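Colleague: Got a file for you: coords10.cif, mmCIF, N, CA and C atoms.
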```
data_target
loop_
_atom_site.label_atom_id
_atom_site.label_comp_id
_atom_site.auth_asym_id
_atom_site.auth_seq_id
_atom_site.Cartn_x
_atom_site.Cartn_y
_atom_site.Cartn_z
N GLN O 5 -58.54 -50.66 -18.48
CA GLN O 5 -58.30 -49.39 -19.15
C GLN O 5 -57.45 -49.61 -20.39
N VAL O 6 -57.75 -48.84 -21.40
CA VAL O 6 -56.98 -48.85 -22.64
C VAL O 6 -56.52 -47.41 -22.91
N GLN O 7 -55.24 -47.25 -23.17
CA GLN O 7 -54.71 -45.94 -23.51
C GLN O 7 -54.39 -45.90 -25.00
N LEU O 8 -54.75 -44.80 -25.62
CA LEU O 8 -54.57 -44.65 -27.06
C LEU O 8 -53.80 -43.38 -27.36
N VAL O 9 -52.81 -43.48 -28.20
CA VAL O 9 -52.00 -42.31 -28.57
C VAL O 9 -51.91 -42.24 -30.09
N GLU O 10 -52.45 -41.16 -30.64
CA GLU O 10 -52.39 -40.96 -32.10
C GLU O 10 -51.14 -40.17 -32.47
N SER O 11 -50.70 -40.37 -33.69
CA SER O 11 -49.60 -39.59 -34.25
C SER O 11 -49.72 -39.60 -35.76
N GLY O 12 -48.95 -38.71 -36.40
CA GLY O 12 -48.90 -38.71 -37.85
C GLY O 12 -49.66 -37.58 -38.53
N GLY O 13 -50.37 -36.79 -37.75
CA GLY O 13 -51.08 -35.68 -38.35
C GLY O 13 -50.14 -34.59 -38.82
N GLY O 14 -50.68 -33.62 -39.53
CA GLY O 14 -49.86 -32.52 -40.01
C GLY O 14 -50.54 -31.74 -41.10
N LEU O 15 -49.75 -30.92 -41.77
CA LEU O 15 -50.23 -30.08 -42.87
C LEU O 15 -49.78 -30.69 -44.18
N VAL O 16 -50.72 -30.83 -45.10
CA VAL O 16 -50.40 -31.43 -46.40
C VAL O 16 -51.21 -30.70 -47.47
N GLN O 17 -50.68 -30.66 -48.67
CA GLN O 17 -51.42 -30.05 -49.77
C GLN O 17 -52.47 -31.02 -50.30
N ALA O 18 -53.49 -30.45 -50.90
CA ALA O 18 -54.53 -31.28 -51.52
C ALA O 18 -53.90 -32.24 -52.52
N GLY O 19 -54.37 -33.48 -52.49
CA GLY O 19 -53.82 -34.53 -53.34
C GLY O 19 -52.71 -35.32 -52.67
N GLY O 20 -52.24 -34.85 -51.54
CA GLY O 20 -51.17 -35.51 -50.82
C GLY O 20 -51.67 -36.64 -49.94
N SER O 21 -50.73 -37.21 -49.18
CA SER O 21 -51.03 -38.37 -48.34
C SER O 21 -50.48 -38.18 -46.94
N LEU O 22 -51.13 -38.83 -46.00
CA LEU O 22 -50.66 -38.91 -44.62
C LEU O 22 -50.99 -40.28 -44.09
N ARG O 23 -50.19 -40.77 -43.15
CA ARG O 23 -50.51 -42.00 -42.45
C ARG O 23 -50.58 -41.71 -40.96
N LEU O 24 -51.75 -41.94 -40.42
CA LEU O 24 -51.96 -41.79 -38.98
C LEU O 24 -51.72 -43.13 -38.29
N SER O 25 -51.17 -43.04 -37.09
CA SER O 25 -50.96 -44.23 -36.28
C SER O 25 -51.67 -44.06 -34.95
N CYS O 26 -52.10 -45.17 -34.39
CA CYS O 26 -52.73 -45.17 -33.08
C CYS O 26 -52.15 -46.34 -32.29
N ALA O 27 -51.36 -46.02 -31.30
CA ALA O 27 -50.75 -47.04 -30.46
C ALA O 27 -51.61 -47.27 -29.24
N ALA O 28 -51.97 -48.53 -29.01
CA ALA O 28 -52.81 -48.88 -27.88
C ALA O 28 -51.99 -49.58 -26.80
N SER O 29 -52.29 -49.28 -25.57
CA SER O 29 -51.62 -49.94 -24.45
C SER O 29 -52.65 -50.18 -23.35
N GLY O 30 -52.26 -51.00 -22.38
CA GLY O 30 -53.19 -51.35 -21.31
C GLY O 30 -53.88 -52.66 -21.63
N ARG O 31 -55.16 -52.75 -21.35
CA ARG O 31 -55.90 -53.99 -21.52
C ARG O 31 -56.36 -54.15 -22.97
N THR O 32 -55.40 -54.14 -23.88
CA THR O 32 -55.73 -54.19 -25.30
C THR O 32 -56.33 -55.52 -25.72
N PHE O 33 -56.04 -56.60 -24.95
CA PHE O 33 -56.54 -57.91 -25.33
C PHE O 33 -58.05 -57.98 -25.23
N SER O 34 -58.64 -57.04 -24.48
CA SER O 34 -60.09 -57.05 -24.29
C SER O 34 -60.82 -56.22 -25.34
N SER O 35 -60.08 -55.62 -26.27
CA SER O 35 -60.69 -54.75 -27.27
C SER O 35 -61.17 -55.55 -28.46
N TYR O 36 -62.37 -55.23 -28.95
CA TYR O 36 -62.94 -55.94 -30.10
C TYR O 36 -62.57 -55.25 -31.42
N ALA O 37 -62.62 -53.92 -31.42
CA ALA O 37 -62.38 -53.20 -32.67
C ALA O 37 -61.77 -51.84 -32.38
N MET O 38 -61.18 -51.28 -33.40
CA MET O 38 -60.63 -49.94 -33.33
C MET O 38 -61.24 -49.09 -34.44
N GLY O 39 -61.47 -47.84 -34.15
CA GLY O 39 -62.05 -46.97 -35.14
C GLY O 39 -61.32 -45.65 -35.24
N TRP O 40 -61.48 -45.01 -36.39
CA TRP O 40 -61.02 -43.65 -36.58
C TRP O 40 -62.24 -42.75 -36.81
N PHE O 41 -62.26 -41.67 -36.12
CA PHE O 41 -63.30 -40.67 -36.28
C PHE O 41 -62.62 -39.33 -36.51
N ARG O 42 -63.39 -38.37 -36.99
CA ARG O 42 -62.82 -37.03 -37.17
C ARG O 42 -63.86 -35.98 -36.81
N GLN O 43 -63.35 -34.83 -36.43
CA GLN O 43 -64.23 -33.72 -36.08
C GLN O 43 -63.65 -32.43 -36.64
N ALA O 44 -64.36 -31.87 -37.60
CA ALA O 44 -63.96 -30.59 -38.16
C ALA O 44 -64.50 -29.47 -37.28
N SER O 45 -63.90 -28.31 -37.38
CA SER O 45 -64.30 -27.18 -36.56
C SER O 45 -65.77 -26.85 -36.81
N GLY O 46 -66.54 -26.79 -35.73
CA GLY O 46 -67.94 -26.44 -35.82
C GLY O 46 -68.86 -27.56 -36.27
N LYS O 47 -68.31 -28.76 -36.42
CA LYS O 47 -69.11 -29.89 -36.88
C LYS O 47 -69.09 -31.01 -35.85
N GLU O 48 -70.00 -31.95 -36.01
CA GLU O 48 -70.05 -33.10 -35.13
C GLU O 48 -68.98 -34.12 -35.52
N ARG O 49 -68.61 -34.92 -34.53
CA ARG O 49 -67.66 -35.99 -34.79
C ARG O 49 -68.29 -37.00 -35.75
N GLU O 50 -67.51 -37.45 -36.73
CA GLU O 50 -68.05 -38.40 -37.71
C GLU O 50 -67.14 -39.60 -37.87
N PHE O 51 -67.75 -40.69 -38.24
CA PHE O 51 -67.04 -41.95 -38.46
C PHE O 51 -66.20 -41.86 -39.73
N VAL O 52 -65.00 -42.46 -39.68
CA VAL O 52 -64.14 -42.53 -40.85
C VAL O 52 -63.92 -43.98 -41.25
N ALA O 53 -63.41 -44.79 -40.33
CA ALA O 53 -63.10 -46.19 -40.65
C ALA O 53 -62.97 -46.97 -39.36
N ALA O 54 -63.13 -48.29 -39.45
CA ALA O 54 -62.97 -49.16 -38.30
C ALA O 54 -62.44 -50.50 -38.75
N ILE O 55 -61.83 -51.23 -37.80
CA ILE O 55 -61.29 -52.55 -38.10
C ILE O 55 -61.38 -53.40 -36.85
N THR O 56 -61.71 -54.67 -37.01
CA THR O 56 -61.72 -55.59 -35.88
C THR O 56 -60.31 -56.15 -35.67
N TRP O 57 -59.96 -56.36 -34.39
CA TRP O 57 -58.64 -56.89 -34.11
C TRP O 57 -58.49 -58.31 -34.64
N SER O 58 -59.51 -59.12 -34.43
CA SER O 58 -59.46 -60.50 -34.90
C SER O 58 -60.18 -60.61 -36.23
N GLY O 59 -59.49 -61.01 -37.23
CA GLY O 59 -60.10 -61.15 -38.55
C GLY O 59 -59.88 -59.96 -39.45
N GLY O 60 -59.71 -58.78 -38.85
CA GLY O 60 -59.41 -57.60 -39.64
C GLY O 60 -60.53 -57.13 -40.54
N THR O 61 -61.78 -57.37 -40.15
CA THR O 61 -62.90 -56.85 -40.94
C THR O 61 -62.88 -55.33 -40.89
N THR O 62 -63.06 -54.72 -42.05
CA THR O 62 -62.97 -53.26 -42.13
C THR O 62 -64.31 -52.63 -42.50
N TYR O 63 -64.46 -51.38 -42.08
CA TYR O 63 -65.65 -50.59 -42.34
C TYR O 63 -65.18 -49.19 -42.72
N TYR O 64 -65.85 -48.58 -43.69
CA TYR O 64 -65.47 -47.24 -44.14
C TYR O 64 -66.69 -46.36 -44.32
N ALA O 65 -66.51 -45.09 -44.00
CA ALA O 65 -67.51 -44.10 -44.37
C ALA O 65 -67.41 -43.88 -45.88
N ASP O 66 -68.50 -43.44 -46.47
CA ASP O 66 -68.50 -43.20 -47.92
C ASP O 66 -67.40 -42.22 -48.31
N ALA O 67 -67.15 -41.22 -47.46
CA ALA O 67 -66.15 -40.20 -47.78
C ALA O 67 -64.73 -40.77 -47.79
N ALA O 68 -64.55 -41.92 -47.14
CA ALA O 68 -63.22 -42.51 -47.03
C ALA O 68 -62.98 -43.63 -48.05
N LYS O 69 -64.02 -44.20 -48.56
CA LYS O 69 -63.88 -45.33 -49.48
C LYS O 69 -63.07 -44.96 -50.71
N GLY O 70 -62.11 -45.82 -51.03
CA GLY O 70 -61.29 -45.59 -52.21
C GLY O 70 -60.09 -44.69 -51.98
N ARG O 71 -60.09 -43.96 -50.86
CA ARG O 71 -58.97 -43.05 -50.58
C ARG O 71 -58.22 -43.41 -49.30
N PHE O 72 -58.95 -43.91 -48.30
CA PHE O 72 -58.35 -44.23 -47.01
C PHE O 72 -58.30 -45.74 -46.82
N THR O 73 -57.28 -46.19 -46.12
CA THR O 73 -57.16 -47.60 -45.81
C THR O 73 -56.81 -47.76 -44.33
N ILE O 74 -57.62 -48.52 -43.62
CA ILE O 74 -57.33 -48.81 -42.21
C ILE O 74 -56.67 -50.18 -42.14
N SER O 75 -55.68 -50.29 -41.27
CA SER O 75 -55.00 -51.57 -41.08
C SER O 75 -54.55 -51.68 -39.63
N ARG O 76 -54.16 -52.89 -39.23
CA ARG O 76 -53.71 -53.05 -37.86
C ARG O 76 -52.51 -53.99 -37.81
N ASP O 77 -51.70 -53.79 -36.81
CA ASP O 77 -50.56 -54.65 -36.53
C ASP O 77 -50.79 -55.18 -35.11
N ASN O 78 -51.31 -56.41 -35.04
CA ASN O 78 -51.67 -56.96 -33.73
C ASN O 78 -50.46 -57.08 -32.81
N ALA O 79 -49.32 -57.41 -33.37
CA ALA O 79 -48.12 -57.58 -32.55
C ALA O 79 -47.70 -56.27 -31.89
N LYS O 80 -47.96 -55.17 -32.57
CA LYS O 80 -47.57 -53.85 -32.05
C LYS O 80 -48.74 -53.13 -31.38
N ASN O 81 -49.91 -53.76 -31.38
CA ASN O 81 -51.11 -53.11 -30.84
C ASN O 81 -51.30 -51.72 -31.45
N THR O 82 -51.13 -51.64 -32.74
CA THR O 82 -51.18 -50.36 -33.43
C THR O 82 -52.13 -50.44 -34.62
N VAL O 83 -52.89 -49.39 -34.79
CA VAL O 83 -53.81 -49.28 -35.92
C VAL O 83 -53.37 -48.08 -36.76
N TYR O 84 -53.49 -48.23 -38.07
CA TYR O 84 -53.05 -47.18 -38.98
C TYR O 84 -54.22 -46.71 -39.85
N LEU O 85 -54.11 -45.48 -40.29
CA LEU O 85 -55.05 -44.95 -41.27
C LEU O 85 -54.23 -44.28 -42.36
N GLN O 86 -54.13 -44.96 -43.49
CA GLN O 86 -53.44 -44.39 -44.64
C GLN O 86 -54.44 -43.54 -45.42
N MET O 87 -54.11 -42.29 -45.57
CA MET O 87 -55.02 -41.36 -46.25
C MET O 87 -54.34 -40.82 -47.50
N ASN O 88 -54.94 -41.12 -48.64
CA ASN O 88 -54.42 -40.67 -49.94
C ASN O 88 -55.41 -39.71 -50.59
N SER O 89 -54.92 -39.00 -51.60
CA SER O 89 -55.78 -38.07 -52.35
C SER O 89 -56.55 -37.16 -51.41
N LEU O 90 -55.85 -36.59 -50.47
CA LEU O 90 -56.51 -35.77 -49.46
C LEU O 90 -57.12 -34.51 -50.05
N LYS O 91 -58.24 -34.11 -49.47
CA LYS O 91 -58.98 -32.93 -49.92
C LYS O 91 -59.08 -31.94 -48.76
N PRO O 92 -59.28 -30.67 -49.07
CA PRO O 92 -59.44 -29.69 -47.98
C PRO O 92 -60.54 -30.07 -47.00
N GLU O 93 -61.59 -30.71 -47.49
CA GLU O 93 -62.70 -31.10 -46.61
C GLU O 93 -62.33 -32.25 -45.66
N ASP O 94 -61.15 -32.82 -45.82
CA ASP O 94 -60.66 -33.82 -44.87
C ASP O 94 -60.03 -33.18 -43.65
N THR O 95 -59.88 -31.87 -43.67
CA THR O 95 -59.29 -31.16 -42.53
C THR O 95 -60.13 -31.36 -41.29
N ALA O 96 -59.50 -31.84 -40.23
CA ALA O 96 -60.21 -32.14 -38.98
C ALA O 96 -59.21 -32.64 -37.95
N VAL O 97 -59.68 -32.77 -36.73
CA VAL O 97 -58.94 -33.52 -35.72
C VAL O 97 -59.38 -34.97 -35.85
N TYR O 98 -58.41 -35.85 -35.97
CA TYR O 98 -58.69 -37.26 -36.14
C TYR O 98 -58.43 -37.98 -34.81
N TYR O 99 -59.41 -38.78 -34.41
CA TYR O 99 -59.34 -39.51 -33.15
C TYR O 99 -59.39 -41.01 -33.42
N CYS O 100 -58.60 -41.76 -32.68
CA CYS O 100 -58.80 -43.19 -32.71
C CYS O 100 -59.54 -43.59 -31.44
N ALA O 101 -60.23 -44.70 -31.53
CA ALA O 101 -61.07 -45.15 -30.43
C ALA O 101 -61.07 -46.67 -30.36
N SER O 102 -61.29 -47.16 -29.16
CA SER O 102 -61.32 -48.60 -28.91
C SER O 102 -62.72 -49.03 -28.49
N LYS O 103 -63.17 -50.10 -29.09
CA LYS O 103 -64.51 -50.64 -28.80
C LYS O 103 -64.33 -52.01 -28.17
N LEU O 104 -64.91 -52.21 -27.00
CA LEU O 104 -64.66 -53.43 -26.26
C LEU O 104 -65.51 -54.60 -26.73
N PHE O 105 -66.72 -54.33 -27.18
CA PHE O 105 -67.66 -55.42 -27.42
C PHE O 105 -68.13 -55.48 -28.87
N ASN O 106 -68.49 -56.68 -29.28
CA ASN O 106 -69.10 -56.89 -30.58
C ASN O 106 -70.60 -56.68 -30.43
N SER O 107 -71.08 -55.57 -30.94
CA SER O 107 -72.51 -55.27 -30.83
C SER O 107 -73.13 -55.10 -32.20
N GLY O 108 -72.53 -55.73 -33.20
CA GLY O 108 -73.08 -55.67 -34.55
C GLY O 108 -72.27 -54.77 -35.45
N SER O 109 -72.36 -55.02 -36.72
CA SER O 109 -71.54 -54.30 -37.69
C SER O 109 -71.80 -52.80 -37.67
N HIS O 110 -73.08 -52.42 -37.66
CA HIS O 110 -73.40 -51.00 -37.71
C HIS O 110 -72.85 -50.26 -36.50
N ALA O 111 -72.81 -50.93 -35.37
CA ALA O 111 -72.31 -50.29 -34.15
C ALA O 111 -70.85 -49.87 -34.28
N ASN O 112 -70.12 -50.53 -35.16
CA ASN O 112 -68.71 -50.17 -35.36
C ASN O 112 -68.54 -48.79 -35.98
N THR O 113 -69.61 -48.22 -36.48
CA THR O 113 -69.55 -46.90 -37.09
C THR O 113 -70.12 -45.80 -36.19
N ILE O 114 -70.50 -46.16 -34.97
CA ILE O 114 -71.17 -45.23 -34.06
C ILE O 114 -70.22 -44.82 -32.95
N ALA O 115 -69.98 -43.53 -32.80
CA ALA O 115 -69.02 -43.04 -31.82
C ALA O 115 -69.39 -43.45 -30.39
N ASN O 116 -70.67 -43.40 -30.07
CA ASN O 116 -71.09 -43.73 -28.70
C ASN O 116 -70.87 -45.19 -28.33
N GLU O 117 -70.60 -46.04 -29.32
CA GLU O 117 -70.35 -47.46 -29.05
C GLU O 117 -68.90 -47.71 -28.61
N TYR O 118 -68.05 -46.69 -28.72
CA TYR O 118 -66.64 -46.85 -28.39
C TYR O 118 -66.37 -46.44 -26.95
N ASN O 119 -65.44 -47.15 -26.33
CA ASN O 119 -65.24 -47.02 -24.90
C ASN O 119 -64.05 -46.14 -24.52
N TYR O 120 -63.03 -46.12 -25.35
CA TYR O 120 -61.83 -45.34 -25.04
C TYR O 120 -61.44 -44.52 -26.26
N TRP O 121 -60.89 -43.34 -25.98
CA TRP O 121 -60.53 -42.42 -27.04
C TRP O 121 -59.12 -41.87 -26.83
N GLY O 122 -58.46 -41.59 -27.94
CA GLY O 122 -57.18 -40.90 -27.88
C GLY O 122 -57.40 -39.39 -27.81
N GLN O 123 -56.31 -38.67 -27.78
CA GLN O 123 -56.39 -37.22 -27.61
C GLN O 123 -56.59 -36.49 -28.94
N GLY O 124 -56.40 -37.18 -30.03
CA GLY O 124 -56.62 -36.61 -31.35
C GLY O 124 -55.34 -36.06 -31.97
N THR O 125 -55.33 -36.03 -33.30
CA THR O 125 -54.21 -35.45 -34.04
C THR O 125 -54.79 -34.60 -35.18
N GLN O 126 -54.24 -33.42 -35.35
CA GLN O 126 -54.77 -32.48 -36.34
C GLN O 126 -54.27 -32.82 -37.73
N VAL O 127 -55.19 -32.86 -38.66
CA VAL O 127 -54.88 -33.01 -40.08
C VAL O 127 -55.40 -31.78 -40.80
N THR O 128 -54.53 -31.08 -41.50
CA THR O 128 -54.92 -29.90 -42.23
C THR O 128 -54.51 -30.07 -43.68
N VAL O 129 -55.48 -29.94 -44.58
CA VAL O 129 -55.22 -30.09 -46.01
C VAL O 129 -55.43 -28.74 -46.67
N SER O 130 -54.39 -28.22 -47.26
CA SER O 130 -54.48 -26.91 -47.90
C SER O 130 -54.82 -27.07 -49.38
N SER O 131 -55.53 -26.08 -49.89
CA SER O 131 -55.96 -26.15 -51.30
C SER O 131 -54.92 -25.52 -52.22
#
```
For the file at hand, write its structure as structure tokens.

Modeller:
Amino acid sequence: QVQLVESGGGLVQAGGSLRLSCAASGRTFSSYAMGWFRQASGKEREFVAAITWSGGTTYYADAAKGRFTISRDNAKNTVYLQMNSLKPEDTAVYYCASKLFNSGSHANTIANEYNYWGQGTQVTVSS
């Protein structure tokens, strides 16, 4: 089992920044990658970014490229999502997730490929 706890969400004005954190505990050594997803009200959950624990290979959704940066601290078992130049359309509940297996690069962007999920943290961007 892997437990994930997100933090860092909140209310920010458009153009502002937030840094989300996801602390992992439990059998973290068995995890292959970590991802961030988001779900806006009335919409489906969508991929934001992902990173592999070993090597730190990163993946980004087009909406996140150039504005968001995913990083990890292996010693702390923590993954971060630095979000800059935030827009109202970034408003959503942000979830971190743990993926146990390497099933190909594209799979790192697919929610159903992830095995464990955090409870989510709300990000609200006002215009």

Colleague: Would you mind listing what lies within 5 Å of range 97-102 of chain O as an MDAnalysis selection string, with all atoms listed in the file counted and same-chain residues fewer than 3 positions away left out?

Modeller: chainID O and resid 37:44 118:122 124:127

Colleague: Would you kindly return, as a list in words, each protein, DNA or RNA residue with an atom no farther than 8 Å from any atom of Asn106 in chain O, considering all atoms listed in the file and excluding same-chain residues fewer than 5 positions away?

Modeller: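 Here the answer would be Ser35, Tyr36, Ala37, Ala111 and Asn112 of chain O.
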
Colleague: In Å, with one decimal, what is the gap from atom C of Ala28 in chain O to CA of Ser107 in chain O?

Modeller: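 Atom-to-atom, atom C of Ala28 in chain O and CA of Ser107 in chain O are spaced 21.7 Å apart.
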
Colleague: Find the residues around range 94-96 of chain O up to 12 Å (only C-alpha atoms counted), leave out those fewer than 6 positions away in its own chain, and share them as a PDB file with N, CA and C atoms, in the coordinates of the input.

Modeller:
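See selection.pdb below for the written result:
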```pdb
ATOM      1  N   GLY O  13     -50.370 -36.790 -37.750  1.00  0.00           N
ATOM      2  CA  GLY O  13     -51.080 -35.680 -38.350  1.00  0.00           C
ATOM      3  C   GLY O  13     -50.140 -34.590 -38.820  1.00  0.00           C
ATOM      4  N   GLY O  14     -50.680 -33.620 -39.530  1.00  0.00           N
ATOM      5  CA  GLY O  14     -49.860 -32.520 -40.010  1.00  0.00           C
ATOM      6  C   GLY O  14     -50.540 -31.740 -41.100  1.00  0.00           C
ATOM      7  N   LEU O  15     -49.750 -30.920 -41.770  1.00  0.00           N
ATOM      8  CA  LEU O  15     -50.230 -30.080 -42.870  1.00  0.00           C
ATOM      9  C   LEU O  15     -49.780 -30.690 -44.180  1.00  0.00           C
ATOM     10  N   VAL O  16     -50.720 -30.830 -45.100  1.00  0.00           N
ATOM     11  CA  VAL O  16     -50.400 -31.430 -46.400  1.00  0.00           C
ATOM     12  C   VAL O  16     -51.210 -30.700 -47.470  1.00  0.00           C
ATOM     13  N   GLN O  17     -50.680 -30.660 -48.670  1.00  0.00           N
ATOM     14  CA  GLN O  17     -51.420 -30.050 -49.770  1.00  0.00           C
ATOM     15  C   GLN O  17     -52.470 -31.020 -50.300  1.00  0.00           C
ATOM     16  N   ALA O  18     -53.490 -30.450 -50.900  1.00  0.00           N
ATOM     17  CA  ALA O  18     -54.530 -31.280 -51.520  1.00  0.00           C
ATOM     18  C   ALA O  18     -53.900 -32.240 -52.520  1.00  0.00           C
ATOM     19  N   GLY O  19     -54.370 -33.480 -52.490  1.00  0.00           N
ATOM     20  CA  GLY O  19     -53.820 -34.530 -53.340  1.00  0.00           C
ATOM     21  C   GLY O  19     -52.710 -35.320 -52.670  1.00  0.00           C
ATOM     22  N   GLY O  20     -52.240 -34.850 -51.540  1.00  0.00           N
ATOM     23  CA  GLY O  20     -51.170 -35.510 -50.820  1.00  0.00           C
ATOM     24  C   GLY O  20     -51.670 -36.640 -49.940  1.00  0.00           C
ATOM     25  N   SER O  21     -50.730 -37.210 -49.180  1.00  0.00           N
ATOM     26  CA  SER O  21     -51.030 -38.370 -48.340  1.00  0.00           C
ATOM     27  C   SER O  21     -50.480 -38.180 -46.940  1.00  0.00           C
ATOM     28  N   LEU O  22     -51.130 -38.830 -46.000  1.00  0.00           N
ATOM     29  CA  LEU O  22     -50.660 -38.910 -44.620  1.00  0.00           C
ATOM     30  C   LEU O  22     -50.990 -40.280 -44.090  1.00  0.00           C
ATOM     31  N   TRP O  40     -61.480 -45.010 -36.390  1.00  0.00           N
ATOM     32  CA  TRP O  40     -61.020 -43.650 -36.580  1.00  0.00           C
ATOM     33  C   TRP O  40     -62.240 -42.750 -36.810  1.00  0.00           C
ATOM     34  N   PHE O  41     -62.260 -41.670 -36.120  1.00  0.00           N
ATOM     35  CA  PHE O  41     -63.300 -40.670 -36.280  1.00  0.00           C
ATOM     36  C   PHE O  41     -62.620 -39.330 -36.510  1.00  0.00           C
ATOM     37  N   ARG O  42     -63.390 -38.370 -36.990  1.00  0.00           N
ATOM     38  CA  ARG O  42     -62.820 -37.030 -37.170  1.00  0.00           C
ATOM     39  C   ARG O  42     -63.860 -35.980 -36.810  1.00  0.00           C
ATOM     40  N   GLN O  43     -63.350 -34.830 -36.430  1.00  0.00           N
ATOM     41  CA  GLN O  43     -64.230 -33.720 -36.080  1.00  0.00           C
ATOM     42  C   GLN O  43     -63.650 -32.430 -36.640  1.00  0.00           C
ATOM     43  N   ALA O  44     -64.360 -31.870 -37.600  1.00  0.00           N
ATOM     44  CA  ALA O  44     -63.960 -30.590 -38.160  1.00  0.00           C
ATOM     45  C   ALA O  44     -64.500 -29.470 -37.280  1.00  0.00           C
ATOM     46  N   SER O  45     -63.900 -28.310 -37.380  1.00  0.00           N
ATOM     47  CA  SER O  45     -64.300 -27.180 -36.560  1.00  0.00           C
ATOM     48  C   SER O  45     -65.770 -26.850 -36.810  1.00  0.00           C
ATOM     49  N   GLY O  46     -66.540 -26.790 -35.730  1.00  0.00           N
ATOM     50  CA  GLY O  46     -67.940 -26.440 -35.820  1.00  0.00           C
ATOM     51  C   GLY O  46     -68.860 -27.560 -36.270  1.00  0.00           C
ATOM     52  N   LYS O  47     -68.310 -28.760 -36.420  1.00  0.00           N
ATOM     53  CA  LYS O  47     -69.110 -29.890 -36.880  1.00  0.00           C
ATOM     54  C   LYS O  47     -69.090 -31.010 -35.850  1.00  0.00           C
ATOM     55  N   GLU O  48     -70.000 -31.950 -36.010  1.00  0.00           N
ATOM     56  CA  GLU O  48     -70.050 -33.100 -35.130  1.00  0.00           C
ATOM     57  C   GLU O  48     -68.980 -34.120 -35.520  1.00  0.00           C
ATOM     58  N   ARG O  49     -68.610 -34.920 -34.530  1.00  0.00           N
ATOM     59  CA  ARG O  49     -67.660 -35.990 -34.790  1.00  0.00           C
ATOM     60  C   ARG O  49     -68.290 -37.000 -35.750  1.00  0.00           C
ATOM     61  N   GLU O  50     -67.510 -37.450 -36.730  1.00  0.00           N
ATOM     62  CA  GLU O  50     -68.050 -38.400 -37.710  1.00  0.00           C
ATOM     63  C   GLU O  50     -67.140 -39.600 -37.870  1.00  0.00           C
ATOM     64  N   PHE O  51     -67.750 -40.690 -38.240  1.00  0.00           N
ATOM     65  CA  PHE O  51     -67.040 -41.950 -38.460  1.00  0.00           C
ATOM     66  C   PHE O  51     -66.200 -41.860 -39.730  1.00  0.00           C
ATOM     67  N   VAL O  52     -65.000 -42.460 -39.680  1.00  0.00           N
ATOM     68  CA  VAL O  52     -64.140 -42.530 -40.850  1.00  0.00           C
ATOM     69  C   VAL O  52     -63.920 -43.980 -41.250  1.00  0.00           C
ATOM     70  N   ALA O  67     -67.150 -41.220 -47.460  1.00  0.00           N
ATOM     71  CA  ALA O  67     -66.150 -40.200 -47.780  1.00  0.00           C
ATOM     72  C   ALA O  67     -64.730 -40.770 -47.790  1.00  0.00           C
ATOM     73  N   ALA O  68     -64.550 -41.920 -47.140  1.00  0.00           N
ATOM     74  CA  ALA O  68     -63.220 -42.510 -47.030  1.00  0.00           C
ATOM     75  C   ALA O  68     -62.980 -43.630 -48.050  1.00  0.00           C
ATOM     76  N   ARG O  71     -60.090 -43.960 -50.860  1.00  0.00           N
ATOM     77  CA  ARG O  71     -58.970 -43.050 -50.580  1.00  0.00           C
ATOM     78  C   ARG O  71     -58.220 -43.410 -49.300  1.00  0.00           C
ATOM     79  N   PHE O  72     -58.950 -43.910 -48.300  1.00  0.00           N
ATOM     80  CA  PHE O  72     -58.350 -44.230 -47.010  1.00  0.00           C
ATOM     81  C   PHE O  72     -58.300 -45.740 -46.820  1.00  0.00           C
ATOM     82  N   MET O  87     -54.110 -42.290 -45.570  1.00  0.00           N
ATOM     83  CA  MET O  87     -55.020 -41.360 -46.250  1.00  0.00           C
ATOM     84  C   MET O  87     -54.340 -40.820 -47.500  1.00  0.00           C
ATOM     85  N   ASN O  88     -54.940 -41.120 -48.640  1.00  0.00           N
ATOM     86  CA  ASN O  88     -54.420 -40.670 -49.940  1.00  0.00           C
ATOM     87  C   ASN O  88     -55.410 -39.710 -50.590  1.00  0.00           C
ATOM     88  N   GLY O 124     -56.400 -37.180 -30.030  1.00  0.00           N
ATOM     89  CA  GLY O 124     -56.620 -36.610 -31.350  1.00  0.00           C
ATOM     90  C   GLY O 124     -55.340 -36.060 -31.970  1.00  0.00           C
ATOM     91  N   THR O 125     -55.330 -36.030 -33.300  1.00  0.00           N
ATOM     92  CA  THR O 125     -54.210 -35.450 -34.040  1.00  0.00           C
ATOM     93  C   THR O 125     -54.790 -34.600 -35.180  1.00  0.00           C
ATOM     94  N   GLN O 126     -54.240 -33.420 -35.350  1.00  0.00           N
ATOM     95  CA  GLN O 126     -54.770 -32.480 -36.340  1.00  0.00           C
ATOM     96  C   GLN O 126     -54.270 -32.820 -37.730  1.00  0.00           C
ATOM     97  N   VAL O 127     -55.190 -32.860 -38.660  1.00  0.00           N
ATOM     98  CA  VAL O 127     -54.880 -33.010 -40.080  1.00  0.00           C
ATOM     99  C   VAL O 127     -55.400 -31.780 -40.800  1.00  0.00           C
ATOM    100  N   THR O 128     -54.530 -31.080 -41.500  1.00  0.00           N
ATOM    101  CA  THR O 128     -54.920 -29.900 -42.230  1.00  0.00           C
ATOM    102  C   THR O 128     -54.510 -30.070 -43.680  1.00  0.00           C
ATOM    103  N   VAL O 129     -55.480 -29.940 -44.580  1.00  0.00           N
ATOM    104  CA  VAL O 129     -55.220 -30.090 -46.010  1.00  0.00           C
ATOM    105  C   VAL O 129     -55.430 -28.740 -46.670  1.00  0.00           C
ATOM    106  N   SER O 130     -54.390 -28.220 -47.260  1.00  0.00           N
ATOM    107  CA  SER O 130     -54.480 -26.910 -47.900  1.00  0.00           C
ATOM    108  C   SER O 130     -54.820 -27.070 -49.380  1.00  0.00           C
ATOM    109  N   SER O 131     -55.530 -26.080 -49.890  1.00  0.00           N
ATOM    110  CA  SER O 131     -55.960 -26.150 -51.300  1.00  0.00           C
ATOM    111  C   SER O 131     -54.920 -25.520 -52.220  1.00  0.00           C
TER     112      SER O 131
END
```

Colleague: Mind checking which residues fall within 10 Å of Trp57 in chain O, counting only C-alpha atoms, ignoring those fewer than 6 positions away in the same chain, and posting them as a list in words?

Modeller: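 The filter keeps Thr32, Phe33, Ser34, Ser35, Tyr36, Ala37, Met38, Ser75, Arg76, Asp77, Asn78, Asn81, Thr82 and Val83 of chain O.
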